[in-house]
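Okay, structure-v6.cif now, which holds mmCIF, N, CA and C atoms:
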```cif
data_query
loop_
_atom_site.label_atom_id
_atom_site.label_comp_id
_atom_site.auth_asym_id
_atom_site.auth_seq_id
_atom_site.Cartn_x
_atom_site.Cartn_y
_atom_site.Cartn_z
N MET A 1 -59.42 62.35 49.65
CA MET A 1 -59.38 61.27 48.67
C MET A 1 -59.51 59.92 49.37
N ASP A 2 -60.35 59.05 48.83
CA ASP A 2 -60.51 57.73 49.41
C ASP A 2 -59.26 56.90 49.20
N ASP A 3 -59.00 56.02 50.13
CA ASP A 3 -57.87 55.12 49.97
C ASP A 3 -58.21 54.09 48.91
N LYS A 4 -57.21 53.75 48.14
CA LYS A 4 -57.40 52.72 47.12
C LYS A 4 -56.92 51.39 47.66
N GLU A 5 -57.53 50.32 47.17
CA GLU A 5 -57.15 48.98 47.57
C GLU A 5 -56.41 48.29 46.44
N LYS A 6 -55.43 47.49 46.83
CA LYS A 6 -54.64 46.74 45.86
C LYS A 6 -55.44 45.51 45.41
N TYR A 7 -55.39 45.22 44.13
CA TYR A 7 -55.95 43.97 43.63
C TYR A 7 -55.01 43.39 42.58
N GLU A 8 -55.09 42.08 42.43
CA GLU A 8 -54.22 41.37 41.49
C GLU A 8 -55.05 40.45 40.62
N MET A 9 -54.59 40.27 39.40
CA MET A 9 -55.27 39.41 38.44
C MET A 9 -54.22 38.59 37.70
N GLU A 10 -54.64 37.42 37.21
CA GLU A 10 -53.73 36.56 36.45
C GLU A 10 -54.41 36.16 35.15
N PHE A 11 -53.67 36.27 34.06
CA PHE A 11 -54.18 35.90 32.73
C PHE A 11 -53.18 34.95 32.08
N VAL A 12 -53.63 33.76 31.68
CA VAL A 12 -52.76 32.84 30.96
C VAL A 12 -52.69 33.30 29.50
N ILE A 13 -51.47 33.44 28.99
CA ILE A 13 -51.28 33.92 27.62
C ILE A 13 -50.35 32.96 26.89
N GLN A 14 -50.80 32.48 25.74
CA GLN A 14 -49.97 31.54 24.98
C GLN A 14 -49.13 32.31 23.98
N ALA A 15 -48.02 32.82 24.48
CA ALA A 15 -47.05 33.55 23.65
C ALA A 15 -45.73 33.56 24.41
N SER A 16 -44.66 33.83 23.70
CA SER A 16 -43.35 33.81 24.36
C SER A 16 -43.18 35.05 25.24
N PRO A 17 -42.52 34.88 26.37
CA PRO A 17 -42.29 36.03 27.26
C PRO A 17 -41.58 37.19 26.57
N SER A 18 -40.64 36.90 25.68
CA SER A 18 -39.92 37.99 25.02
C SER A 18 -40.85 38.79 24.10
N LEU A 19 -41.78 38.11 23.44
CA LEU A 19 -42.74 38.80 22.59
C LEU A 19 -43.70 39.63 23.44
N ILE A 20 -44.23 39.03 24.50
CA ILE A 20 -45.14 39.75 25.39
C ILE A 20 -44.46 41.00 25.93
N TYR A 21 -43.19 40.87 26.31
CA TYR A 21 -42.47 42.00 26.90
C TYR A 21 -42.44 43.20 25.96
N GLN A 22 -42.31 42.95 24.65
CA GLN A 22 -42.32 44.05 23.68
C GLN A 22 -43.64 44.81 23.73
N TYR A 23 -44.73 44.08 23.99
CA TYR A 23 -46.05 44.69 24.01
C TYR A 23 -46.38 45.38 25.33
N ILE A 24 -45.65 45.09 26.40
CA ILE A 24 -45.95 45.74 27.68
C ILE A 24 -44.94 46.83 28.05
N SER A 25 -43.84 46.92 27.30
CA SER A 25 -42.76 47.82 27.73
C SER A 25 -42.45 48.95 26.76
N THR A 26 -42.99 48.90 25.56
CA THR A 26 -42.66 49.93 24.57
C THR A 26 -43.91 50.73 24.20
N PRO A 27 -43.74 52.01 23.87
CA PRO A 27 -44.89 52.81 23.44
C PRO A 27 -45.62 52.18 22.25
N SER A 28 -44.87 51.69 21.27
CA SER A 28 -45.53 51.10 20.09
C SER A 28 -46.28 49.83 20.47
N GLY A 29 -45.70 49.03 21.36
CA GLY A 29 -46.38 47.81 21.81
C GLY A 29 -47.62 48.12 22.61
N LEU A 30 -47.52 49.05 23.55
CA LEU A 30 -48.66 49.41 24.39
C LEU A 30 -49.79 50.02 23.57
N SER A 31 -49.45 50.75 22.50
CA SER A 31 -50.49 51.38 21.69
C SER A 31 -51.25 50.36 20.84
N GLU A 32 -50.75 49.13 20.78
CA GLU A 32 -51.46 48.07 20.05
C GLU A 32 -52.65 47.53 20.85
N TRP A 33 -52.62 47.70 22.20
CA TRP A 33 -53.68 47.06 23.00
C TRP A 33 -54.10 47.86 24.24
N PHE A 34 -53.21 48.65 24.82
CA PHE A 34 -53.52 49.29 26.10
C PHE A 34 -54.20 50.64 25.93
N ALA A 35 -53.80 51.38 24.92
CA ALA A 35 -54.36 52.71 24.68
C ALA A 35 -54.41 52.96 23.18
N ASP A 36 -55.13 54.00 22.78
CA ASP A 36 -55.20 54.32 21.35
C ASP A 36 -53.84 54.75 20.83
N ASN A 37 -53.10 55.47 21.67
CA ASN A 37 -51.76 55.91 21.29
C ASN A 37 -50.93 56.07 22.56
N VAL A 38 -49.64 55.82 22.46
CA VAL A 38 -48.74 55.95 23.61
C VAL A 38 -47.46 56.63 23.13
N ASN A 39 -47.06 57.66 23.84
CA ASN A 39 -45.80 58.35 23.56
C ASN A 39 -44.96 58.31 24.82
N SER A 40 -43.66 58.37 24.66
CA SER A 40 -42.82 58.43 25.85
C SER A 40 -41.69 59.42 25.64
N ARG A 41 -41.34 60.05 26.73
CA ARG A 41 -40.16 60.92 26.76
C ARG A 41 -39.41 60.50 28.02
N GLY A 42 -38.36 59.72 27.83
CA GLY A 42 -37.64 59.19 28.98
C GLY A 42 -38.53 58.25 29.77
N GLU A 43 -38.70 58.56 31.05
CA GLU A 43 -39.53 57.69 31.92
C GLU A 43 -40.99 58.11 31.94
N LEU A 44 -41.35 59.19 31.24
CA LEU A 44 -42.72 59.68 31.24
C LEU A 44 -43.47 59.16 30.02
N PHE A 45 -44.52 58.39 30.27
CA PHE A 45 -45.34 57.83 29.20
C PHE A 45 -46.67 58.58 29.16
N THR A 46 -47.12 58.92 27.97
CA THR A 46 -48.42 59.56 27.79
C THR A 46 -49.34 58.57 27.09
N PHE A 47 -50.44 58.22 27.76
CA PHE A 47 -51.43 57.28 27.22
C PHE A 47 -52.62 58.09 26.73
N ILE A 48 -53.07 57.82 25.52
CA ILE A 48 -54.16 58.58 24.91
C ILE A 48 -55.32 57.63 24.58
N TRP A 49 -56.50 57.97 25.12
CA TRP A 49 -57.72 57.23 24.84
C TRP A 49 -58.79 58.21 24.40
N ASP A 50 -59.41 57.98 23.26
CA ASP A 50 -60.53 58.83 22.80
C ASP A 50 -60.26 60.31 23.01
N GLY A 51 -59.07 60.74 22.72
CA GLY A 51 -58.76 62.16 22.82
C GLY A 51 -58.35 62.65 24.20
N SER A 52 -58.51 61.82 25.25
CA SER A 52 -58.06 62.27 26.57
C SER A 52 -56.70 61.64 26.87
N GLU A 53 -55.91 62.36 27.65
CA GLU A 53 -54.54 61.90 27.94
C GLU A 53 -54.34 61.66 29.43
N GLU A 54 -53.58 60.64 29.74
CA GLU A 54 -53.13 60.39 31.11
C GLU A 54 -51.64 60.14 31.04
N GLN A 55 -50.90 60.70 31.99
CA GLN A 55 -49.47 60.48 32.00
C GLN A 55 -49.08 59.58 33.16
N ALA A 56 -48.11 58.72 32.91
CA ALA A 56 -47.61 57.82 33.95
C ALA A 56 -46.09 57.79 33.88
N LYS A 57 -45.50 57.64 35.05
CA LYS A 57 -44.05 57.56 35.14
C LYS A 57 -43.65 56.09 35.24
N LEU A 58 -42.68 55.69 34.43
CA LEU A 58 -42.16 54.34 34.50
C LEU A 58 -41.30 54.24 35.77
N LEU A 59 -41.74 53.40 36.72
CA LEU A 59 -41.02 53.27 37.99
C LEU A 59 -39.92 52.23 37.90
N THR A 60 -40.26 51.06 37.38
CA THR A 60 -39.25 50.01 37.21
C THR A 60 -39.54 49.24 35.94
N LYS A 61 -38.47 48.68 35.41
CA LYS A 61 -38.57 47.90 34.17
C LYS A 61 -37.49 46.84 34.27
N LYS A 62 -37.90 45.59 34.22
CA LYS A 62 -36.92 44.51 34.24
C LYS A 62 -37.09 43.74 32.95
N SER A 63 -36.05 43.75 32.14
CA SER A 63 -36.13 43.21 30.79
C SER A 63 -36.69 41.79 30.78
N GLY A 64 -37.70 41.59 29.92
CA GLY A 64 -38.30 40.28 29.75
C GLY A 64 -39.20 39.85 30.89
N GLU A 65 -39.38 40.71 31.91
CA GLU A 65 -40.13 40.27 33.09
C GLU A 65 -41.27 41.18 33.51
N ARG A 66 -41.02 42.48 33.71
CA ARG A 66 -42.10 43.32 34.23
C ARG A 66 -41.87 44.81 33.96
N VAL A 67 -42.99 45.55 34.04
CA VAL A 67 -42.96 47.01 34.02
C VAL A 67 -43.91 47.49 35.12
N LYS A 68 -43.52 48.62 35.73
CA LYS A 68 -44.35 49.20 36.79
C LYS A 68 -44.45 50.69 36.54
N PHE A 69 -45.69 51.19 36.54
CA PHE A 69 -45.96 52.60 36.28
C PHE A 69 -46.70 53.23 37.45
N ARG A 70 -46.55 54.54 37.60
CA ARG A 70 -47.39 55.31 38.53
C ARG A 70 -48.00 56.47 37.76
N TRP A 71 -49.33 56.60 37.87
CA TRP A 71 -50.01 57.72 37.23
C TRP A 71 -49.50 59.02 37.84
N VAL A 72 -49.22 60.00 37.00
CA VAL A 72 -48.71 61.28 37.47
C VAL A 72 -49.72 61.93 38.43
N SER A 73 -51.02 61.78 38.17
CA SER A 73 -52.04 62.37 39.05
C SER A 73 -51.94 61.78 40.46
N ASP A 74 -51.64 60.48 40.59
CA ASP A 74 -51.44 59.87 41.91
C ASP A 74 -50.19 60.42 42.57
N GLU A 75 -49.14 60.57 41.76
CA GLU A 75 -47.87 61.07 42.31
C GLU A 75 -48.04 62.50 42.84
N GLU A 76 -48.79 63.32 42.09
CA GLU A 76 -49.03 64.70 42.53
C GLU A 76 -49.81 64.75 43.83
N ASP A 77 -50.66 63.72 44.05
CA ASP A 77 -51.44 63.64 45.30
C ASP A 77 -50.60 63.06 46.43
N GLY A 78 -49.36 62.70 46.13
CA GLY A 78 -48.50 62.11 47.15
C GLY A 78 -48.80 60.64 47.41
N ALA A 79 -49.57 60.02 46.53
CA ALA A 79 -49.95 58.61 46.71
C ALA A 79 -48.88 57.69 46.13
N SER A 80 -48.77 56.51 46.71
CA SER A 80 -47.75 55.56 46.24
C SER A 80 -48.37 54.43 45.43
N TYR A 81 -49.56 54.66 44.87
CA TYR A 81 -50.22 53.64 44.05
C TYR A 81 -49.45 53.43 42.75
N TYR A 82 -49.62 52.27 42.15
CA TYR A 82 -48.95 51.96 40.89
C TYR A 82 -49.75 50.90 40.17
N PHE A 83 -49.38 50.63 38.93
CA PHE A 83 -49.87 49.42 38.28
C PHE A 83 -48.68 48.71 37.67
N GLU A 84 -48.71 47.40 37.81
CA GLU A 84 -47.59 46.58 37.35
C GLU A 84 -48.12 45.49 36.43
N ILE A 85 -47.38 45.23 35.37
CA ILE A 85 -47.67 44.14 34.45
C ILE A 85 -46.44 43.25 34.48
N ARG A 86 -46.63 42.00 34.96
CA ARG A 86 -45.49 41.11 35.16
C ARG A 86 -45.72 39.80 34.43
N ILE A 87 -44.68 39.34 33.76
CA ILE A 87 -44.73 38.06 33.04
C ILE A 87 -44.23 36.98 33.99
N GLN A 88 -45.01 35.94 34.12
CA GLN A 88 -44.63 34.84 35.00
C GLN A 88 -44.66 33.53 34.21
N VAL A 89 -43.59 32.77 34.31
CA VAL A 89 -43.50 31.49 33.61
C VAL A 89 -43.46 30.38 34.66
N ASP A 90 -44.38 29.42 34.55
CA ASP A 90 -44.39 28.29 35.47
C ASP A 90 -43.17 27.42 35.19
N GLU A 91 -42.39 27.16 36.20
CA GLU A 91 -41.13 26.41 36.01
C GLU A 91 -41.36 25.00 35.49
N ILE A 92 -42.46 24.37 35.89
CA ILE A 92 -42.70 22.98 35.49
C ILE A 92 -43.43 22.90 34.15
N THR A 93 -44.56 23.59 34.04
CA THR A 93 -45.37 23.47 32.82
C THR A 93 -44.95 24.43 31.72
N LYS A 94 -44.16 25.46 32.08
CA LYS A 94 -43.74 26.51 31.15
C LYS A 94 -44.91 27.36 30.67
N ASP A 95 -46.07 27.25 31.35
CA ASP A 95 -47.21 28.12 31.02
C ASP A 95 -46.83 29.56 31.33
N VAL A 96 -47.25 30.46 30.46
CA VAL A 96 -46.94 31.88 30.62
C VAL A 96 -48.20 32.60 31.10
N SER A 97 -48.05 33.38 32.16
CA SER A 97 -49.15 34.18 32.68
C SER A 97 -48.73 35.63 32.75
N LEU A 98 -49.72 36.49 32.62
CA LEU A 98 -49.50 37.91 32.83
C LEU A 98 -50.16 38.25 34.17
N MET A 99 -49.37 38.75 35.09
CA MET A 99 -49.86 39.10 36.42
C MET A 99 -50.05 40.62 36.46
N ILE A 100 -51.25 41.04 36.80
CA ILE A 100 -51.57 42.47 36.88
C ILE A 100 -51.75 42.85 38.34
N THR A 101 -51.08 43.90 38.76
CA THR A 101 -51.30 44.48 40.08
C THR A 101 -51.74 45.92 39.85
N ASP A 102 -52.86 46.29 40.47
CA ASP A 102 -53.37 47.65 40.30
C ASP A 102 -54.08 48.06 41.59
N PHE A 103 -54.47 49.31 41.65
CA PHE A 103 -55.16 49.85 42.81
C PHE A 103 -56.42 50.57 42.34
N ALA A 104 -57.48 50.47 43.15
CA ALA A 104 -58.72 51.19 42.85
C ALA A 104 -59.46 51.42 44.16
N GLU A 105 -60.34 52.40 44.13
CA GLU A 105 -61.20 52.60 45.29
C GLU A 105 -62.12 51.39 45.38
N GLU A 106 -62.54 51.07 46.61
CA GLU A 106 -63.28 49.84 46.85
C GLU A 106 -64.46 49.65 45.90
N ASP A 107 -65.21 50.72 45.64
CA ASP A 107 -66.39 50.60 44.78
C ASP A 107 -66.04 50.63 43.29
N GLU A 108 -64.74 50.71 42.96
CA GLU A 108 -64.33 50.73 41.55
C GLU A 108 -63.47 49.54 41.16
N ILE A 109 -63.28 48.60 42.10
CA ILE A 109 -62.42 47.43 41.81
C ILE A 109 -63.02 46.57 40.71
N ASP A 110 -64.33 46.29 40.77
CA ASP A 110 -64.95 45.46 39.73
C ASP A 110 -64.81 46.10 38.35
N GLU A 111 -64.99 47.42 38.31
CA GLU A 111 -64.84 48.15 37.05
C GLU A 111 -63.39 48.07 36.55
N GLY A 112 -62.45 48.21 37.48
CA GLY A 112 -61.03 48.10 37.13
C GLY A 112 -60.69 46.73 36.58
N LYS A 113 -61.24 45.70 37.20
CA LYS A 113 -60.99 44.33 36.73
C LYS A 113 -61.60 44.10 35.35
N MET A 114 -62.79 44.66 35.12
CA MET A 114 -63.41 44.53 33.80
C MET A 114 -62.56 45.21 32.73
N LEU A 115 -62.02 46.38 33.09
CA LEU A 115 -61.17 47.11 32.16
C LEU A 115 -59.93 46.28 31.80
N TRP A 116 -59.29 45.69 32.82
CA TRP A 116 -58.12 44.85 32.56
C TRP A 116 -58.50 43.63 31.72
N ASP A 117 -59.66 43.02 32.01
CA ASP A 117 -60.14 41.88 31.20
C ASP A 117 -60.19 42.28 29.72
N ASN A 118 -60.78 43.44 29.47
CA ASN A 118 -60.90 43.91 28.08
C ASN A 118 -59.54 44.21 27.47
N GLN A 119 -58.67 44.86 28.25
CA GLN A 119 -57.34 45.20 27.73
C GLN A 119 -56.55 43.93 27.39
N ILE A 120 -56.57 42.96 28.30
CA ILE A 120 -55.81 41.73 28.07
C ILE A 120 -56.42 40.93 26.91
N SER A 121 -57.73 40.99 26.75
CA SER A 121 -58.36 40.35 25.58
C SER A 121 -57.81 40.96 24.29
N SER A 122 -57.67 42.28 24.29
CA SER A 122 -57.09 42.97 23.12
C SER A 122 -55.66 42.52 22.90
N LEU A 123 -54.89 42.41 23.98
CA LEU A 123 -53.50 41.96 23.87
C LEU A 123 -53.44 40.55 23.30
N LYS A 124 -54.31 39.67 23.79
CA LYS A 124 -54.32 38.29 23.28
C LYS A 124 -54.63 38.25 21.79
N GLN A 125 -55.55 39.12 21.34
CA GLN A 125 -55.87 39.17 19.90
C GLN A 125 -54.64 39.59 19.10
N VAL A 126 -53.95 40.61 19.58
CA VAL A 126 -52.75 41.11 18.90
C VAL A 126 -51.68 40.02 18.84
N LEU A 127 -51.57 39.26 19.92
CA LEU A 127 -50.54 38.21 20.01
C LEU A 127 -50.97 36.92 19.30
N GLY A 128 -52.26 36.83 18.93
CA GLY A 128 -52.76 35.60 18.32
C GLY A 128 -52.89 34.48 19.34
N SER A 129 -53.08 34.87 20.61
CA SER A 129 -53.21 33.90 21.70
C SER A 129 -54.69 33.67 22.00
N ARG A 130 -55.00 32.53 22.66
CA ARG A 130 -56.39 32.25 23.03
C ARG A 130 -56.62 32.69 24.46
#
```
Mind converting the file's structure to structure tokens?
Amino acid sequence: MDDKEKYEMEFVIQASPSLIYQYISTPSGLSEWFADNVNSRGELFTFIWDGSEEQAKLLTKKSGERVKFRWVSDEEDGASYYFEIRIQVDEITKDVSLMITDFAEEDEIDEGKMLWDNQISSLKQVLGSR
């Protein structure tokens, strides 16, 4: 298996951190923008897109701030890759950003970034943000 590289992205979102957190941390919130449907059983989340399923384990969750998941397929391979969605508030301007950390193989980073662009656009629509 090729090694994956870490990449990070930042998206400015005009919505309250507490509202955003509901959409990044709960199955019902995630199913509004991240996947067609999301189910959870404890720390195991099942993401469903166009009839295919991927499972991820919730690694950490800090209320109002961030969630971090690891795909079960990566865990089975013994890999320590993860994806994190973190809410960041600028102390001075109070601007709210969503910070994404993810991993992809070198030739798939652009595709991964495009996917996140589309996902966050969907989230912004749901939140009524620009």
Check segment 63-106 of chain A with DSSP on the backbone and list each residue it calls strand (DSSP E), as a VMD selection string.
chain A and resid 66 to 71 83 to 89 96 to 105
Could you write out as a VMD selection string the residues that the PyMOL selection byres (((chain A and resi 39 and name CA) around 10) and name CA) matches in the shown file?
chain A and resid 26 to 28 30 to 31 37 to 38 40 to 42 44 to 48 55
Closest of A:Met114, A:Ile24, A:Ala56, A:Val126 to Ile85 of chain A - atom-to-atom distances counting all atoms listed in the file:
A:Ile24
Of the residues A:Leu19, A:Ile109, A:Met9, A:Ala79, which is the one nearest to Gly64 of chain A, using only C-alpha atoms?
A:Leu19
Which is closer to Lys57 of chain A than all the others in A:Asp77, A:Asp102, A:Glu5, A:Glu43, using only C-alpha atoms?
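Smallest separation from Lys57 of chain A among the options: A:Glu43.
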Which residue is closest to Ala35 of chain A? Choose from A:Thr60, A:Gln119, A:Asp74, A:Val12 and count only N, CA and C atoms.
A:Gln119
I would like the residues chosen by the PyMOL selection byres ((chain A and resi 69) around 6.5) on the shown file; could you give them as an MDAnalysis selection string?
chainID A and resid 56:60 67:68 70:71 81:85
What does the file look like for those residues with N, CA and C atoms, as an mmCIF file, in the frame of the given file?
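Okay, this is what ended up in again.cif:
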```
data_model
loop_
_atom_site.group_PDB
_atom_site.id
_atom_site.type_symbol
_atom_site.label_atom_id
_atom_site.label_comp_id
_atom_site.auth_asym_id
_atom_site.auth_seq_id
_atom_site.Cartn_x
_atom_site.Cartn_y
_atom_site.Cartn_z
ATOM 1 N N ALA A 56 -48.110 58.720 32.910
ATOM 2 C CA ALA A 56 -47.610 57.820 33.950
ATOM 3 C C ALA A 56 -46.090 57.790 33.880
ATOM 4 N N LYS A 57 -45.500 57.640 35.050
ATOM 5 C CA LYS A 57 -44.050 57.560 35.140
ATOM 6 C C LYS A 57 -43.650 56.090 35.240
ATOM 7 N N LEU A 58 -42.680 55.690 34.430
ATOM 8 C CA LEU A 58 -42.160 54.340 34.500
ATOM 9 C C LEU A 58 -41.300 54.240 35.770
ATOM 10 N N LEU A 59 -41.740 53.400 36.720
ATOM 11 C CA LEU A 59 -41.020 53.270 37.990
ATOM 12 C C LEU A 59 -39.920 52.230 37.900
ATOM 13 N N THR A 60 -40.260 51.060 37.380
ATOM 14 C CA THR A 60 -39.250 50.010 37.210
ATOM 15 C C THR A 60 -39.540 49.240 35.940
ATOM 16 N N VAL A 67 -42.990 45.550 34.040
ATOM 17 C CA VAL A 67 -42.960 47.010 34.020
ATOM 18 C C VAL A 67 -43.910 47.490 35.120
ATOM 19 N N LYS A 68 -43.520 48.620 35.730
ATOM 20 C CA LYS A 68 -44.350 49.200 36.790
ATOM 21 C C LYS A 68 -44.450 50.690 36.540
ATOM 22 N N ARG A 70 -46.550 54.540 37.600
ATOM 23 C CA ARG A 70 -47.390 55.310 38.530
ATOM 24 C C ARG A 70 -48.000 56.470 37.760
ATOM 25 N N TRP A 71 -49.330 56.600 37.870
ATOM 26 C CA TRP A 71 -50.010 57.720 37.230
ATOM 27 C C TRP A 71 -49.500 59.020 37.840
ATOM 28 N N TYR A 81 -49.560 54.660 44.870
ATOM 29 C CA TYR A 81 -50.220 53.640 44.050
ATOM 30 C C TYR A 81 -49.450 53.430 42.750
ATOM 31 N N TYR A 82 -49.620 52.270 42.150
ATOM 32 C CA TYR A 82 -48.950 51.960 40.890
ATOM 33 C C TYR A 82 -49.750 50.900 40.170
ATOM 34 N N PHE A 83 -49.380 50.630 38.930
ATOM 35 C CA PHE A 83 -49.870 49.420 38.280
ATOM 36 C C PHE A 83 -48.680 48.710 37.670
ATOM 37 N N GLU A 84 -48.710 47.400 37.810
ATOM 38 C CA GLU A 84 -47.590 46.580 37.350
ATOM 39 C C GLU A 84 -48.120 45.490 36.430
ATOM 40 N N ILE A 85 -47.380 45.230 35.370
ATOM 41 C CA ILE A 85 -47.670 44.140 34.450
ATOM 42 C C ILE A 85 -46.440 43.250 34.480
#
```
Which neighbours of Gln88 of chain A fall inside 9 Å, counting only C-alpha atoms, when residues of the same chain fewer than 5 positions from it are skipped, and could you give them as a list in words?
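Selected residues are Pro17, Glu65, Arg66, Asp95, Val96, Ser97, Leu98 and Met99 of chain A.
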For Gly112 of chain A, work out the shell of residues within 12 Å, counting only C-alpha atoms and skipping chain neighbours fewer than 2 positions away, then give it as JSON, numbers by chain.
{"A": [4, 5, 6, 7, 8, 9, 83, 100, 101, 102, 103, 104, 105, 106, 107, 108, 109, 110, 114, 115, 116, 117, 118, 119]}
Just give me the gap between atom CA of Glu10 of chain A and atom CA of Arg86 of chain A in Å, one decimal is fine.
9.5 Å
Using only C-alpha atoms, which residue out of A:Phe34, A:Gly51, A:Tyr21, A:Gln14 lies closest to Ile120 of chain A?
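Closest to Ile120 of chain A of all the choices is A:Phe34.
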If I only have part of segment 99-111 of chain A, can you fill in N, CA, C and O atoms and write it as a PDB file, keeping the file's coordinate frame?
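See selection33.pdb below for the written result:
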```pdb
ATOM      1  N   MET A  99     -49.370  38.750  35.090  1.00  0.00           N
ATOM      2  CA  MET A  99     -49.860  39.100  36.420  1.00  0.00           C
ATOM      3  C   MET A  99     -50.050  40.620  36.460  1.00  0.00           C
ATOM      4  O   MET A  99     -49.110  41.370  36.178  1.00  0.00           O
ATOM      5  N   ILE A 100     -51.250  41.040  36.800  1.00  0.00           N
ATOM      6  CA  ILE A 100     -51.570  42.470  36.880  1.00  0.00           C
ATOM      7  C   ILE A 100     -51.750  42.850  38.340  1.00  0.00           C
ATOM      8  O   ILE A 100     -52.471  42.182  39.078  1.00  0.00           O
ATOM      9  N   THR A 101     -51.080  43.900  38.760  1.00  0.00           N
ATOM     10  CA  THR A 101     -51.300  44.480  40.080  1.00  0.00           C
ATOM     11  C   THR A 101     -51.740  45.920  39.850  1.00  0.00           C
ATOM     12  O   THR A 101     -51.105  46.660  39.107  1.00  0.00           O
ATOM     13  N   ASP A 102     -52.860  46.290  40.470  1.00  0.00           N
ATOM     14  CA  ASP A 102     -53.370  47.650  40.300  1.00  0.00           C
ATOM     15  C   ASP A 102     -54.080  48.060  41.590  1.00  0.00           C
ATOM     16  O   ASP A 102     -54.243  47.249  42.508  1.00  0.00           O
ATOM     17  N   PHE A 103     -54.470  49.310  41.650  1.00  0.00           N
ATOM     18  CA  PHE A 103     -55.160  49.850  42.810  1.00  0.00           C
ATOM     19  C   PHE A 103     -56.420  50.570  42.340  1.00  0.00           C
ATOM     20  O   PHE A 103     -56.425  51.203  41.292  1.00  0.00           O
ATOM     21  N   ALA A 104     -57.480  50.470  43.150  1.00  0.00           N
ATOM     22  CA  ALA A 104     -58.720  51.190  42.850  1.00  0.00           C
ATOM     23  C   ALA A 104     -59.460  51.420  44.160  1.00  0.00           C
ATOM     24  O   ALA A 104     -59.236  50.712  45.146  1.00  0.00           O
ATOM     25  N   GLU A 105     -60.340  52.400  44.130  1.00  0.00           N
ATOM     26  CA  GLU A 105     -61.200  52.600  45.290  1.00  0.00           C
ATOM     27  C   GLU A 105     -62.120  51.390  45.380  1.00  0.00           C
ATOM     28  O   GLU A 105     -62.447  50.764  44.373  1.00  0.00           O
ATOM     29  N   GLU A 106     -62.540  51.070  46.610  1.00  0.00           N
ATOM     30  CA  GLU A 106     -63.280  49.840  46.850  1.00  0.00           C
ATOM     31  C   GLU A 106     -64.460  49.650  45.900  1.00  0.00           C
ATOM     32  O   GLU A 106     -64.664  48.564  45.350  1.00  0.00           O
ATOM     33  N   ASP A 107     -65.210  50.720  45.640  1.00  0.00           N
ATOM     34  CA  ASP A 107     -66.390  50.600  44.780  1.00  0.00           C
ATOM     35  C   ASP A 107     -66.040  50.630  43.290  1.00  0.00           C
ATOM     36  O   ASP A 107     -66.937  50.560  42.447  1.00  0.00           O
ATOM     37  N   GLU A 108     -64.740  50.710  42.960  1.00  0.00           N
ATOM     38  CA  GLU A 108     -64.330  50.730  41.550  1.00  0.00           C
ATOM     39  C   GLU A 108     -63.470  49.540  41.160  1.00  0.00           C
ATOM     40  O   GLU A 108     -63.009  49.444  40.029  1.00  0.00           O
ATOM     41  N   ILE A 109     -63.280  48.600  42.100  1.00  0.00           N
ATOM     42  CA  ILE A 109     -62.420  47.430  41.810  1.00  0.00           C
ATOM     43  C   ILE A 109     -63.020  46.570  40.710  1.00  0.00           C
ATOM     44  O   ILE A 109     -62.310  46.175  39.770  1.00  0.00           O
ATOM     45  N   ASP A 110     -64.330  46.290  40.770  1.00  0.00           N
ATOM     46  CA  ASP A 110     -64.950  45.460  39.730  1.00  0.00           C
ATOM     47  C   ASP A 110     -64.810  46.100  38.350  1.00  0.00           C
ATOM     48  O   ASP A 110     -64.517  45.433  37.364  1.00  0.00           O
ATOM     49  N   GLU A 111     -64.990  47.420  38.310  1.00  0.00           N
ATOM     50  CA  GLU A 111     -64.840  48.150  37.050  1.00  0.00           C
ATOM     51  C   GLU A 111     -63.390  48.070  36.550  1.00  0.00           C
ATOM     52  O   GLU A 111     -63.137  47.871  35.368  1.00  0.00           O
TER      53      GLU A 111
END
```
